[in-house]
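As structure tokens, the structure follows; a few thoughts come after it.
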Amino acid sequence: MVSTAHEAMHRIFREDPHLFARVLPRAGIPFPEATSIEPLDTDLTEIRPVERRVDSLFRVHTEGEEGGFLLAVEAQGRPDADKPSSWTYYLAHLYAKYRLPPILLVVCRDKTTAAWAAEPIRIGRRVHTSMVVFPLVLGPGNLPAITDPEEAAGDLALAVLSALAHAKDPGHPAILDALAAALSGVEREQAYSWAEFTETGLGDARARTLWRELLSTYTLRFPGSGTIIEEAILKGREEGREKARAEDILRVLRVRGIEVPDAVRERVGSCVDLDVLGTWLDRAVTVGSADELFVEPSEA
């Protein structure tokens, strides 16, 4: 799972590689129909002391085009004067290594950074340009703002990308609301995965708080202080252990031929303290009656 908002902006394409082919045309960027898209190693280092890694890298195969092309994806949170030289290096190295045409796609979370990233990178002197890099850019200016739950449910990956890219927009709550509603109607594990991805990718504390509140409004109702889905999973595992230990206590009593009144069965089954359940399990091996499970040695 992703660890930062930066990671989420490019890793979403690893979660669903064909998202490129769906989102670029909607952003007004022509994109050939892909027959397959495969992730590649992101390490572009040539000499170990100078390590260079592109955020995400894919090889895209298209109909009637031998070899396809490369798609390098960079997530950019703010203008960075060092990036143009890095991006130029990435493209030149990729072309030399794979002998395939490389394309740079920069994914941004705000319009200012997107406008900066879209500027052509010109290498050379005023009298002669040796190389020009034209990055493709996805950002809040050309990515769709998905506010309809049905549309969000039709393409969850795109809806999540919309939520991340528009995180700083005034209309962001409506996007999150549509996504939360869409997740409430899909298979449980899929909903958990995208909900946690979204929470981690939002980054901003206020947006994450709103996201948690929206999830509780729909069907993903889980409390906690980490990511809401992680807590739900951990809580489920804990509850599973408690239930198993309670069943063990009752089974030991049953095998020993000890009658278990309904009140005892209910008290054991409702206990959520694993340590207490462990104590009762130890006592179940020796007690003469079910009620003795709850009697402390000093009271005997």
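By convention in this document, the chains of the structure tokens carry letters A, B, ... by their order, each chain's residues are numbered from 1, and ligands are numbered from 1 in the order they are shown.
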- Query: If you count only C-alpha atoms, which residues fall within 7 Å of segment 263-276 of chain A, apart from same-chain ones fewer than 6 positions away, as a list in words?
  - Reply: Glu242, Lys243, Ala246, Ala290 and Asp291 of chain A
- Task: Assign secondary structure with DSSP using the backbone only, and return the residues of segment 41-252 of chain A in strand (DSSP E or B) as a ChimeraX atom specification.
- Result: /A:43,53,56-62,65-76,102-108,121-125,128-133,136-138
- Within segment 35-219 of chain A, find each residue whose DSSP state, derived from the backbone, is alpha helix (DSSP H), and express the selection as a ChimeraX atom specification. /A:83-98,111-117,149-154,156-165,172-183,188-202,205-217
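Atom pair atom CA of Ala159 of chain A / atom CA of Ile29 of chain A has a distance of 18.3 Å (rounded to one decimal).
The space between atom CA of Ala195 of chain A and atom CA of Ser56 of chain A spans 21.7 Å.
Proximity to Leu105 of chain A was assessed for A:Gly139, A:Pro170, A:Gly257, A:Pro149 counting only C-alpha atoms; the smallest distance is recorded for A:Gly139.
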- Message: For segment 84-87 of chain A, find every residue with an atom within 10 Å (counting only C-alpha atoms), except residues of its own chain fewer than 2 positions away, and show them as an MDAnalysis selection string.
- Response: chainID A and resid 52:54 72 74 79:82 89:93 104 106 117 119:123 133 135
Would you export the selected residues with C-alpha atoms as an mmCIF file, in the first residue's frame, please?
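Full text of part26.cif as output:
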data_model
loop_
_atom_site.group_PDB
_atom_site.id
_atom_site.type_symbol
_atom_site.label_atom_id
_atom_site.label_comp_id
_atom_site.auth_asym_id
_atom_site.auth_seq_id
_atom_site.Cartn_x
_atom_site.Cartn_y
_atom_site.Cartn_z
ATOM 1 C CA ARG A 52 18.190 8.136 -10.570
ATOM 2 C CA ARG A 53 14.729 6.642 -10.387
ATOM 3 C CA VAL A 54 11.611 7.591 -12.262
ATOM 4 C CA ALA A 72 7.415 7.431 -17.577
ATOM 5 C CA GLU A 74 6.295 11.450 -12.366
ATOM 6 C CA PRO A 79 7.736 23.409 -8.995
ATOM 7 C CA ASP A 80 11.307 22.137 -8.661
ATOM 8 C CA ALA A 81 14.212 23.686 -10.554
ATOM 9 C CA ASP A 82 16.104 20.372 -10.563
ATOM 10 C CA TYR A 89 17.960 12.484 -18.428
ATOM 11 C CA TYR A 90 15.160 9.966 -17.898
ATOM 12 C CA LEU A 91 13.923 10.260 -21.464
ATOM 13 C CA ALA A 92 17.392 10.153 -23.044
ATOM 14 C CA HIS A 93 18.425 7.159 -20.956
ATOM 15 C CA LEU A 104 6.879 11.706 -19.916
ATOM 16 C CA VAL A 106 3.605 14.420 -14.972
ATOM 17 C CA ALA A 117 5.363 21.164 -15.490
ATOM 18 C CA GLU A 119 6.438 24.181 -20.008
ATOM 19 C CA PRO A 120 8.693 22.737 -22.756
ATOM 20 C CA ILE A 121 12.240 21.969 -21.608
ATOM 21 C CA ARG A 122 14.722 23.303 -24.156
ATOM 22 C CA ILE A 123 18.318 22.080 -24.137
ATOM 23 C CA VAL A 133 11.109 17.871 -23.991
ATOM 24 C CA PRO A 135 5.872 16.732 -20.872
#
